[in-house]
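**Student:** Have a peek at work-v9.cif (mmCIF, C-alpha atoms and all ligand atoms; chains and numbers go by the auth columns).
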```cif
data_my_file
loop_
_atom_site.group_PDB
_atom_site.id
_atom_site.type_symbol
_atom_site.label_atom_id
_atom_site.label_comp_id
_atom_site.label_asym_id
_atom_site.label_seq_id
_atom_site.Cartn_x
_atom_site.Cartn_y
_atom_site.Cartn_z
_atom_site.B_iso_or_equiv
_atom_site.auth_seq_id
_atom_site.auth_asym_id
ATOM 1 C CA MET A 1 44.059 113.611 329.925 0.00 1 A
ATOM 2 C CA LYS A 2 46.573 116.071 328.411 0.00 2 A
ATOM 3 C CA SER A 3 50.024 115.996 330.091 0.00 3 A
ATOM 4 C CA ILE A 4 51.654 119.363 330.685 0.00 4 A
ATOM 5 C CA CYS A 5 54.875 120.257 332.440 0.00 5 A
ATOM 6 C CA PHE A 6 54.681 123.036 335.038 0.00 6 A
ATOM 7 C CA ALA A 7 58.102 124.706 334.941 0.00 7 A
ATOM 8 C CA THR A 8 58.448 125.770 338.568 0.00 8 A
ATOM 9 C CA ASN A 9 60.726 125.013 341.490 0.00 9 A
ATOM 10 C CA ASN A 10 58.276 126.566 343.931 0.00 10 A
ATOM 11 C CA ALA A 11 56.398 123.760 345.720 0.00 11 A
ATOM 12 C CA HIS A 12 53.639 126.165 346.871 0.00 12 A
ATOM 13 C CA LYS A 13 52.892 127.264 343.318 0.00 13 A
ATOM 14 C CA LEU A 14 52.808 123.621 342.233 0.00 14 A
ATOM 15 C CA GLU A 15 50.324 122.745 344.971 0.00 15 A
ATOM 16 C CA GLU A 16 48.090 125.721 344.118 0.00 16 A
ATOM 17 C CA VAL A 17 48.125 125.117 340.373 0.00 17 A
ATOM 18 C CA ARG A 18 47.462 121.382 340.832 0.00 18 A
ATOM 19 C CA ALA A 19 44.444 122.235 343.005 0.00 19 A
ATOM 20 C CA ILE A 20 43.156 124.878 340.547 0.00 20 A
ATOM 21 C CA LEU A 21 43.526 122.620 337.484 0.00 21 A
ATOM 22 C CA ALA A 22 42.454 119.404 339.244 0.00 22 A
ATOM 23 C CA GLY A 23 40.873 116.878 336.894 0.00 23 A
ATOM 24 C CA ARG A 24 41.591 118.916 333.737 0.00 24 A
ATOM 25 C CA PHE A 25 45.257 118.169 333.018 0.00 25 A
ATOM 26 C CA GLU A 26 47.944 115.819 334.195 0.00 26 A
ATOM 27 C CA LEU A 27 50.378 118.382 335.569 0.00 27 A
ATOM 28 C CA LEU A 28 53.940 117.057 335.658 0.00 28 A
ATOM 29 C CA SER A 29 56.429 118.810 337.901 0.00 29 A
ATOM 30 C CA LEU A 30 60.101 119.315 337.017 0.00 30 A
ATOM 31 C CA ASN A 31 60.801 116.709 339.652 0.00 31 A
ATOM 32 C CA ASP A 32 58.447 114.199 337.978 0.00 32 A
ATOM 33 C CA LEU A 33 60.406 114.760 334.746 0.00 33 A
ATOM 34 C CA ASN A 34 63.851 114.554 336.427 0.00 34 A
ATOM 35 C CA PHE A 35 64.562 118.096 335.221 0.00 35 A
ATOM 36 C CA THR A 36 67.185 119.492 337.569 0.00 36 A
ATOM 37 C CA THR A 37 68.856 122.231 335.488 0.00 37 A
ATOM 38 C CA GLU A 38 68.495 125.686 337.059 0.00 38 A
ATOM 39 C CA ILE A 39 66.096 127.879 335.065 0.00 39 A
ATOM 40 C CA PRO A 40 67.364 131.431 334.459 0.00 40 A
ATOM 41 C CA GLU A 41 65.096 134.448 335.031 0.00 41 A
ATOM 42 C CA PRO A 42 67.170 137.172 333.367 0.00 42 A
ATOM 43 C CA TYR A 43 64.571 139.839 332.632 0.00 43 A
ATOM 44 C CA GLU A 44 63.176 142.927 334.372 0.00 44 A
ATOM 45 C CA THR A 45 59.526 142.132 333.686 0.00 45 A
ATOM 46 C CA ILE A 46 57.231 139.392 334.926 0.00 46 A
ATOM 47 C CA GLU A 47 55.936 138.823 331.376 0.00 47 A
ATOM 48 C CA GLU A 48 59.403 138.221 329.887 0.00 48 A
ATOM 49 C CA ASN A 49 60.510 135.943 332.710 0.00 49 A
ATOM 50 C CA ALA A 50 57.369 133.790 332.475 0.00 50 A
ATOM 51 C CA LEU A 51 58.028 133.210 328.781 0.00 51 A
ATOM 52 C CA ALA A 52 61.763 132.673 329.341 0.00 52 A
ATOM 53 C CA LYS A 53 61.080 129.931 331.904 0.00 53 A
ATOM 54 C CA ALA A 54 58.609 128.157 329.602 0.00 54 A
ATOM 55 C CA GLN A 55 60.990 128.453 326.608 0.00 55 A
ATOM 56 C CA PHE A 56 63.949 127.132 328.591 0.00 56 A
ATOM 57 C CA VAL A 57 62.070 123.988 329.591 0.00 57 A
ATOM 58 C CA PHE A 58 60.299 123.503 326.225 0.00 58 A
ATOM 59 C CA SER A 59 63.601 123.655 324.343 0.00 59 A
ATOM 60 C CA ARG A 60 64.871 120.744 326.437 0.00 60 A
ATOM 61 C CA LEU A 61 61.753 118.586 326.904 0.00 61 A
ATOM 62 C CA GLN A 62 59.800 119.306 323.687 0.00 62 A
ATOM 63 C CA MET A 63 56.465 118.877 325.440 0.00 63 A
ATOM 64 C CA PRO A 64 53.651 121.291 326.382 0.00 64 A
ATOM 65 C CA VAL A 65 54.806 123.590 329.193 0.00 65 A
ATOM 66 C CA ILE A 66 53.328 126.253 331.438 0.00 66 A
ATOM 67 C CA ALA A 67 55.370 128.602 333.631 0.00 67 A
ATOM 68 C CA ASP A 68 54.246 131.161 336.218 0.00 68 A
ATOM 69 C CA ASP A 69 56.129 134.349 336.959 0.00 69 A
ATOM 70 C CA SER A 70 54.502 136.442 339.625 0.00 70 A
ATOM 71 C CA GLY A 71 55.002 139.172 342.159 0.00 71 A
ATOM 72 C CA LEU A 72 53.574 141.729 344.529 0.00 72 A
ATOM 73 C CA GLU A 73 53.251 145.297 343.188 0.00 73 A
ATOM 74 C CA ILE A 74 52.871 147.990 345.833 0.00 74 A
ATOM 75 C CA GLU A 75 51.599 151.378 344.687 0.00 75 A
ATOM 76 C CA VAL A 76 53.630 153.697 346.924 0.00 76 A
ATOM 77 C CA LEU A 77 56.787 151.665 346.258 0.00 77 A
ATOM 78 C CA ASP A 78 56.418 152.277 342.515 0.00 78 A
ATOM 79 C CA GLY A 79 55.421 148.667 341.846 0.00 79 A
ATOM 80 C CA LYS A 80 58.119 147.066 343.964 0.00 80 A
ATOM 81 C CA PRO A 81 58.966 144.334 344.910 0.00 81 A
ATOM 82 C CA GLY A 82 57.417 143.332 341.542 0.00 82 A
ATOM 83 C CA VAL A 83 59.632 141.157 339.404 0.00 83 A
ATOM 84 C CA HIS A 84 62.104 140.987 342.321 0.00 84 A
ATOM 85 C CA SER A 85 59.560 139.603 344.795 0.00 85 A
ATOM 86 C CA ALA A 86 61.281 136.258 345.382 0.00 86 A
ATOM 87 C CA HIS A 87 64.630 137.803 346.433 0.00 87 A
ATOM 88 C CA TYR A 88 63.542 141.275 347.551 0.00 88 A
ATOM 89 C CA ALA A 89 65.628 141.369 350.743 0.00 89 A
ATOM 90 C CA GLY A 90 68.588 139.688 349.034 0.00 90 A
ATOM 91 C CA THR A 91 67.746 136.024 349.579 0.00 91 A
ATOM 92 C CA ARG A 92 64.696 133.765 349.146 0.00 92 A
ATOM 93 C CA ASP A 93 63.777 134.257 352.830 0.00 93 A
ATOM 94 C CA ALA A 94 60.037 135.084 352.917 0.00 94 A
ATOM 95 C CA GLN A 95 60.191 136.522 356.436 0.00 95 A
ATOM 96 C CA ALA A 96 63.058 138.860 355.494 0.00 96 A
ATOM 97 C CA ASN A 97 61.123 139.984 352.396 0.00 97 A
ATOM 98 C CA ILE A 98 58.034 140.710 354.500 0.00 98 A
ATOM 99 C CA ASP A 99 60.076 142.583 357.115 0.00 99 A
ATOM 100 C CA LEU A 100 61.608 144.777 354.415 0.00 100 A
ATOM 101 C CA VAL A 101 58.222 145.584 352.867 0.00 101 A
ATOM 102 C CA LEU A 102 56.685 146.443 356.261 0.00 102 A
ATOM 103 C CA LYS A 103 59.670 148.678 357.057 0.00 103 A
ATOM 104 C CA GLN A 104 59.406 150.497 353.708 0.00 104 A
ATOM 105 C CA MET A 105 55.645 150.912 354.210 0.00 105 A
ATOM 106 C CA LYS A 106 55.924 152.103 357.826 0.00 106 A
ATOM 107 C CA ASP A 107 55.036 155.755 357.184 0.00 107 A
ATOM 108 C CA HIS A 108 52.616 155.222 354.295 0.00 108 A
ATOM 109 C CA GLN A 109 48.855 155.459 354.694 0.00 109 A
ATOM 110 C CA ASN A 110 48.242 154.291 351.119 0.00 110 A
ATOM 111 C CA ARG A 111 48.552 150.497 351.440 0.00 111 A
ATOM 112 C CA GLN A 112 47.241 149.583 347.973 0.00 112 A
ATOM 113 C CA ALA A 113 48.892 146.639 346.266 0.00 113 A
ATOM 114 C CA ARG A 114 48.184 143.864 343.860 0.00 114 A
ATOM 115 C CA PHE A 115 49.481 140.420 343.135 0.00 115 A
ATOM 116 C CA LYS A 116 50.152 139.687 339.505 0.00 116 A
ATOM 117 C CA SER A 117 50.748 136.354 337.793 0.00 117 A
ATOM 118 C CA VAL A 118 51.660 135.731 334.182 0.00 118 A
ATOM 119 C CA ILE A 119 51.175 132.190 332.924 0.00 119 A
ATOM 120 C CA ALA A 120 53.218 131.478 329.796 0.00 120 A
ATOM 121 C CA TYR A 121 52.121 128.487 327.741 0.00 121 A
ATOM 122 C CA ILE A 122 53.982 126.720 324.958 0.00 122 A
ATOM 123 C CA ASP A 123 52.041 123.966 323.214 0.00 123 A
ATOM 124 C CA GLY A 124 53.509 120.749 321.786 0.00 124 A
ATOM 125 C CA GLU A 125 54.327 122.506 318.483 0.00 125 A
ATOM 126 C CA GLY A 126 56.106 125.431 320.110 0.00 126 A
ATOM 127 C CA LYS A 127 53.344 128.054 319.825 0.00 127 A
ATOM 128 C CA GLN A 128 53.670 130.582 322.668 0.00 128 A
ATOM 129 C CA GLN A 129 51.006 132.550 324.560 0.00 129 A
ATOM 130 C CA SER A 130 50.837 134.460 327.850 0.00 130 A
ATOM 131 C CA PHE A 131 47.937 135.117 330.204 0.00 131 A
ATOM 132 C CA GLU A 132 47.763 137.606 333.069 0.00 132 A
ATOM 133 C CA GLY A 133 45.808 137.531 336.302 0.00 133 A
ATOM 134 C CA THR A 134 45.740 140.116 339.083 0.00 134 A
ATOM 135 C CA VAL A 135 44.104 140.530 342.479 0.00 135 A
ATOM 136 C CA GLU A 136 43.845 143.921 344.186 0.00 136 A
ATOM 137 C CA GLY A 137 44.286 144.396 347.915 0.00 137 A
ATOM 138 C CA ASN A 138 46.092 146.151 350.751 0.00 138 A
ATOM 139 C CA ILE A 139 49.269 145.594 352.722 0.00 139 A
ATOM 140 C CA THR A 140 48.515 145.018 356.410 0.00 140 A
ATOM 141 C CA LYS A 141 50.537 146.740 359.152 0.00 141 A
ATOM 142 C CA VAL A 142 51.413 143.460 360.845 0.00 142 A
ATOM 143 C CA VAL A 143 51.803 139.842 359.812 0.00 143 A
ATOM 144 C CA ARG A 144 48.560 137.848 359.996 0.00 144 A
ATOM 145 C CA GLY A 145 48.001 134.125 359.417 0.00 145 A
ATOM 146 C CA ALA A 146 50.202 131.123 358.825 0.00 146 A
ATOM 147 C CA ASP A 147 48.952 129.499 355.619 0.00 147 A
ATOM 148 C CA GLY A 148 50.085 130.095 352.049 0.00 148 A
ATOM 149 C CA PHE A 149 53.583 131.326 351.220 0.00 149 A
ATOM 150 C CA GLY A 150 55.639 134.413 350.350 0.00 150 A
ATOM 151 C CA TYR A 151 53.829 137.668 351.072 0.00 151 A
ATOM 152 C CA ASP A 152 50.466 136.015 351.894 0.00 152 A
ATOM 153 C CA PRO A 153 50.585 137.045 355.606 0.00 153 A
ATOM 154 C CA ILE A 154 50.633 140.773 354.700 0.00 154 A
ATOM 155 C CA PHE A 155 48.251 140.826 351.721 0.00 155 A
ATOM 156 C CA MET A 156 44.561 141.400 352.370 0.00 156 A
ATOM 157 C CA PRO A 157 42.510 141.035 349.190 0.00 157 A
ATOM 158 C CA LYS A 158 39.893 143.716 348.522 0.00 158 A
ATOM 159 C CA GLY A 159 36.523 142.860 350.081 0.00 159 A
ATOM 160 C CA TYR A 160 38.032 140.558 352.736 0.00 160 A
ATOM 161 C CA ASP A 161 39.023 141.159 356.347 0.00 161 A
ATOM 162 C CA ARG A 162 41.540 138.310 356.305 0.00 162 A
ATOM 163 C CA THR A 163 44.934 138.057 354.656 0.00 163 A
ATOM 164 C CA PHE A 164 45.723 135.404 352.041 0.00 164 A
ATOM 165 C CA ALA A 165 47.501 133.530 354.861 0.00 165 A
ATOM 166 C CA GLU A 166 44.263 133.514 356.897 0.00 166 A
ATOM 167 C CA LEU A 167 42.121 132.234 354.020 0.00 167 A
ATOM 168 C CA SER A 168 41.817 128.519 353.338 0.00 168 A
ATOM 169 C CA ALA A 169 43.683 127.229 350.281 0.00 169 A
ATOM 170 C CA THR A 170 40.321 126.799 348.553 0.00 170 A
ATOM 171 C CA GLU A 171 39.351 130.422 349.264 0.00 171 A
ATOM 172 C CA LYS A 172 42.704 131.775 348.038 0.00 172 A
ATOM 173 C CA ASN A 173 42.552 129.590 344.938 0.00 173 A
ATOM 174 C CA THR A 174 39.116 130.995 344.075 0.00 174 A
ATOM 175 C CA ILE A 175 40.234 134.636 343.856 0.00 175 A
ATOM 176 C CA SER A 176 44.002 134.645 343.416 0.00 176 A
ATOM 177 C CA HIS A 177 46.061 136.211 340.630 0.00 177 A
ATOM 178 C CA ARG A 178 47.259 132.701 339.734 0.00 178 A
ATOM 179 C CA LYS A 179 43.708 131.366 339.478 0.00 179 A
ATOM 180 C CA ARG A 180 42.722 134.298 337.235 0.00 180 A
ATOM 181 C CA ALA A 181 45.694 133.860 334.900 0.00 181 A
ATOM 182 C CA LEU A 182 45.044 130.103 334.668 0.00 182 A
ATOM 183 C CA GLU A 183 41.375 130.732 333.998 0.00 183 A
ATOM 184 C CA ASN A 184 42.298 133.009 331.066 0.00 184 A
ATOM 185 C CA TRP A 185 44.588 130.304 329.709 0.00 185 A
ATOM 186 C CA VAL A 186 41.996 127.518 330.016 0.00 186 A
ATOM 187 C CA HIS A 187 39.352 129.762 328.460 0.00 187 A
ATOM 188 C CA CYS A 188 41.637 130.340 325.461 0.00 188 A
ATOM 189 C CA LEU A 189 42.379 126.608 325.104 0.00 189 A
ATOM 190 C CA ASN A 190 38.657 125.897 325.065 0.00 190 A
ATOM 191 C CA SER A 191 37.822 128.637 322.547 0.00 191 A
ATOM 192 C CA PRO A 192 37.511 127.615 318.897 0.00 192 A
ATOM 193 C CA GLN A 193 40.584 128.823 316.933 0.00 193 A
ATOM 194 C CA VAL A 194 39.965 131.247 314.076 0.00 194 A
HETATM 195 P P1 LIG B . 59.672 129.575 340.098 0.00 1 B
HETATM 196 O O1 LIG B . 60.369 130.677 339.340 0.00 1 B
HETATM 197 O O2 LIG B . 60.482 128.344 340.197 0.00 1 B
HETATM 198 O O3 LIG B . 58.280 129.338 339.578 0.00 1 B
HETATM 199 P P2 LIG B . 59.761 131.499 342.270 0.00 1 B
HETATM 200 O O4 LIG B . 59.286 131.491 343.686 0.00 1 B
HETATM 201 O O5 LIG B . 61.211 131.882 342.026 0.00 1 B
HETATM 202 O O6 LIG B . 59.457 130.061 341.631 0.00 1 B
HETATM 203 P P3 LIG B . 58.932 133.889 340.892 0.00 1 B
HETATM 204 O O7 LIG B . 60.279 134.180 340.363 0.00 1 B
HETATM 205 O O8 LIG B . 57.751 134.030 339.999 0.00 1 B
HETATM 206 O O9 LIG B . 58.816 132.407 341.447 0.00 1 B
HETATM 207 O O10 LIG B . 58.730 134.789 342.182 0.00 1 B
HETATM 208 C C1 LIG B . 57.476 134.938 342.708 0.00 1 B
HETATM 209 C C2 LIG B . 57.579 135.468 344.116 0.00 1 B
HETATM 210 O O11 LIG B . 56.483 136.378 344.327 0.00 1 B
HETATM 211 C C3 LIG B . 57.370 134.350 345.123 0.00 1 B
HETATM 212 O O12 LIG B . 58.577 133.729 345.478 0.00 1 B
HETATM 213 C C4 LIG B . 56.711 135.098 346.276 0.00 1 B
HETATM 214 O O13 LIG B . 57.675 135.782 347.022 0.00 1 B
HETATM 215 C C5 LIG B . 55.856 136.130 345.537 0.00 1 B
HETATM 216 N N1 LIG B . 54.519 135.573 345.257 0.00 1 B
HETATM 217 C C6 LIG B . 54.006 135.229 344.035 0.00 1 B
HETATM 218 N N2 LIG B . 52.787 134.706 344.179 0.00 1 B
HETATM 219 C C7 LIG B . 52.508 134.726 345.478 0.00 1 B
HETATM 220 C C8 LIG B . 51.408 134.299 346.241 0.00 1 B
HETATM 221 O O14 LIG B . 50.360 133.704 345.679 0.00 1 B
HETATM 222 N N3 LIG B . 51.457 134.482 347.559 0.00 1 B
HETATM 223 C C9 LIG B . 52.516 135.059 348.142 0.00 1 B
HETATM 224 N N4 LIG B . 53.602 135.464 347.509 0.00 1 B
HETATM 225 C C10 LIG B . 53.616 135.299 346.179 0.00 1 B
#
```
Using structure tokens, write down the structure that the file contains.

**Tutor:**
Amino acid sequence: MKSICFATNNAHKLEEVRAILAGRFELLSLNDLNFTTEIPEPYETIEENALAKAQFVFSRLQMPVIADDSGLEIEVLDGKPGVHSAHYAGTRDAQANIDLVLKQMKDHQNRQARFKSVIAYIDGEGKQQSFEGTVEGNITKVVRGADGFGYDPIFMPKGYDRTFAELSATEKNTISHRKRALENWVHCLNSPQV
């Protein structure tokens, strides 16, 4: 089975991606590879940061790498928190981030939002590609559910009456932005090269 490093320090992402890719790759975490250097995310777009994370790790480990950069884009907030999702309220505190979003959304009827994930892949030879996945939904007025991570308790995917935090991990991993981006990547890997 092909070994690939997943360049993330987010244990929830690691768990989700391991479940989504189960049986297809041996996914090595930064921890498995004793990689402890902090990975910079200097850019103002999700696309650029995904690639930057993969490049940073590839340049040091010289092995196939994937990285995920992701975020929640809310229509009436002009796409915020977006690339700043992880630290939106100033720290990595998920509850503080949620509280800030709910406060900013207090007077808005339009609750449309989407999660976006970009998976950057660098193969063993250094060839780079990126794959996007999105899931549309709405921001709830109150927090609902305890599973998942980040903004899951306030994101209700279109067609569901439960938030991501009320869905089982299997249900979330069937429809999520991360699943869709990974699916695009795997599809490309399996397609004959021209
Ligand atoms: P790594 O960079 O180490 O992968 P990170 O958490 O810093 O981990 P990002 O910079 O990509 O990752 O920030 C993504 C943030 O967007 C994440 O911390 C959550 O706040 C939010 N987010 C992304 N995907 C999410 C999901 O599936 N459910 C809930 N929140 C999510």

**Student:** Go through chain A and flag each residue having an atom no more than 6 Å from ligand LIG 1 (chain B); for those, report the closest pair of atoms plus their distance in Å to one decimal, using only C-alpha atoms and all ligand atoms, ordered by chain and rising number, as JSON lines.

**Tutor:**
```
{"residue": "A:Thr8", "atom": "CA", "partner": "B:LIG1", "partner_atom": "O2", "distance": 3.7}
{"residue": "A:Asn9", "atom": "CA", "partner": "B:LIG1", "partner_atom": "O2", "distance": 3.6}
{"residue": "A:Asn10", "atom": "CA", "partner": "B:LIG1", "partner_atom": "O6", "distance": 4.3}
{"residue": "A:Asp68", "atom": "CA", "partner": "B:LIG1", "partner_atom": "O3", "distance": 5.6}
{"residue": "A:Asp69", "atom": "CA", "partner": "B:LIG1", "partner_atom": "O8", "distance": 3.5}
{"residue": "A:Ser70", "atom": "CA", "partner": "B:LIG1", "partner_atom": "O8", "distance": 4.1}
{"residue": "A:Gly71", "atom": "CA", "partner": "B:LIG1", "partner_atom": "O11", "distance": 3.8}
{"residue": "A:Ser85", "atom": "CA", "partner": "B:LIG1", "partner_atom": "O11", "distance": 4.5}
{"residue": "A:Ala86", "atom": "CA", "partner": "B:LIG1", "partner_atom": "O12", "distance": 3.7}
{"residue": "A:Phe149", "atom": "CA", "partner": "B:LIG1", "partner_atom": "C9", "distance": 5.0}
{"residue": "A:Gly150", "atom": "CA", "partner": "B:LIG1", "partner_atom": "N4", "distance": 3.7}
{"residue": "A:Tyr151", "atom": "CA", "partner": "B:LIG1", "partner_atom": "C9", "distance": 4.1}
{"residue": "A:Asp152", "atom": "CA", "partner": "B:LIG1", "partner_atom": "C9", "distance": 4.4}
```

**Student:** Need to verify the contact set: segment 163-179 of chain A, 7 Å, only C-alpha atoms, exclusion of same-chain residues closer than 4 positions in sequence. Can you return it as a list of chain:residue names?

**Tutor:**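 Within the cut-off, the hits are A:Glu16, A:Ile20, A:Phe115, A:Lys116, A:Ser117, A:Gly133, A:Thr134, A:Val135, A:Arg144, A:Gly145, A:Ala146, A:Asp147, A:Gly148, A:Asp152, A:Pro153, A:Ile154, A:Phe155, A:Met156, A:Pro157, A:Glu183.
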
**Student:** Take the PyMOL selection byres (((chain A and resi 30) around 10) and not hetatm), apply it to the structure above, and return the hits as number ranges by chain.

**Tutor:** A: 5-9, 14, 27-29, 31-37, 57

**Student:** Need the axis-aligned box for segment 52-66 of chain A with 6 Å each side, so what are the centre and edges in Å to one decimal, as JSON?

**Tutor:**
```
{"center_x": 59.1, "center_y": 125.6, "center_z": 327.8, "size_x": 23.5, "size_y": 26.1, "size_z": 20.2}
```

**Student:** Can you work out which one of A:Val143, A:Val65, A:Val118, A:Val76 has the shortest atom-to-atom distance to Ala181 of chain A, counting only C-alpha atoms?

**Tutor:**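 Going through A:Val143, A:Val65, A:Val118, A:Val76 one by one, the smallest distance to Ala181 of chain A is for A:Val118.
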
**Student:** Could you tell me how far atom CA of Pro64 of chain A lies from atom CA of Leu182 of chain A, in Å and to one decimal?

**Tutor:**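 Straight-line distance from atom CA of Pro64 of chain A to atom CA of Leu182 of chain A works out to 14.8 Å.
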
**Student:** Would you mind listing what lies within 10 Å of Arg111 of chain A as a PyMOL selection string, with all atoms listed in the file counted and same-chain residues fewer than 6 positions away left out?

**Tutor:** chain A and resi 74-77+105+137-141+155-156

**Student:** At what distance in Å, to one decimal, does atom CA of Asn110 of chain A lie from atom CA of Glu47 of chain A?

**Tutor:**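 These two atoms are separated by 26.2 Å.
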
**Student:** Could you pull the residues within 10 Å of Gln55 of chain A, counting all atoms listed in the file, minus those fewer than 2 positions along the same chain, as a PyMOL selection string?

**Tutor:** chain A and resi 7+39+49-53+57-62+65-67+120-122+126+128

**Student:** Compile the contact shell of Val186 of chain A as a list in words: residues with an atom at most 10 Å away, counting all atoms listed in the file, same-chain residues fewer than 4 positions apart removed.

**Tutor:**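 Non-adjacent residues within range: Leu21, Arg24, Phe131, Arg180, Ala181, Leu182, Asn190 and Ser191 of chain A.
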
**Student:** Could you please take those selected residues and save C-alpha atoms as a PDB file, keeping the file's coordinate frame?

**Tutor:**
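out_11.pdb, written as the output of this step:
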```
ATOM      1  CA  LEU A  21      43.526 122.620 337.484  1.00  0.00           C
ATOM      2  CA  ARG A  24      41.591 118.916 333.737  1.00  0.00           C
ATOM      3  CA  PHE A 131      47.937 135.117 330.204  1.00  0.00           C
ATOM      4  CA  ARG A 180      42.722 134.298 337.235  1.00  0.00           C
ATOM      5  CA  ALA A 181      45.694 133.860 334.900  1.00  0.00           C
ATOM      6  CA  LEU A 182      45.044 130.103 334.668  1.00  0.00           C
ATOM      7  CA  ASN A 190      38.657 125.897 325.065  1.00  0.00           C
ATOM      8  CA  SER A 191      37.822 128.637 322.547  1.00  0.00           C
TER       9      SER A 191
END
```

**Student:** Between A:Met63, A:Cys188, A:Ala22, A:Val101, which residue has the minimum interatomic distance to Asp123 of chain A, considering only C-alpha atoms?

**Tutor:**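 The closest residue to Asp123 of chain A is A:Met63.
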
**Student:** List as a list in words: which residues have an atom within 12 Å of (62.3, 145.2, 332.9), counting all atoms listed in the file?

**Tutor:**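 The residues near that point, listed by chain and number, are Glu41, Pro42, Tyr43, Glu44, Thr45, Ile46, Glu47, Glu48, Asn49, Gly79, Lys80, Gly82, Val83 and His84 of chain A.
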
**Student:** Atom CA of Ala54 of chain A and atom CA of Arg114 of chain A, how far apart in Å?

**Tutor:**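 Answer for the atom CA of Arg114 of chain A to atom CA of Ala54 of chain A separation: 23.6 Å.
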
**Student:** Looking at A:Val142, A:Arg18, A:Ala113, A:Met1, which one is nearest to Asp99 of chain A, with distances taken over all atoms listed in the file?

**Tutor:**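 When distances to Asp99 of chain A are compared using all atoms listed in the file, the smallest one comes from A:Val142.
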
**Student:** May I ask which of the residues A:Gln129, A:Asn184, A:Ser3, A:Asn97 is the closest one to Leu72 of chain A, counting only C-alpha atoms?

**Tutor:**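 The answer is A:Asn97, which sits nearest to Leu72 of chain A.
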
**Student:** From the options A:Trp185, A:Tyr88, A:Phe56, A:Tyr160, which residue's atoms come nearest to Glu38 of chain A, counting all atoms listed in the file?

**Tutor:**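 For Glu38 of chain A, the nearest of the candidates is A:Phe56.
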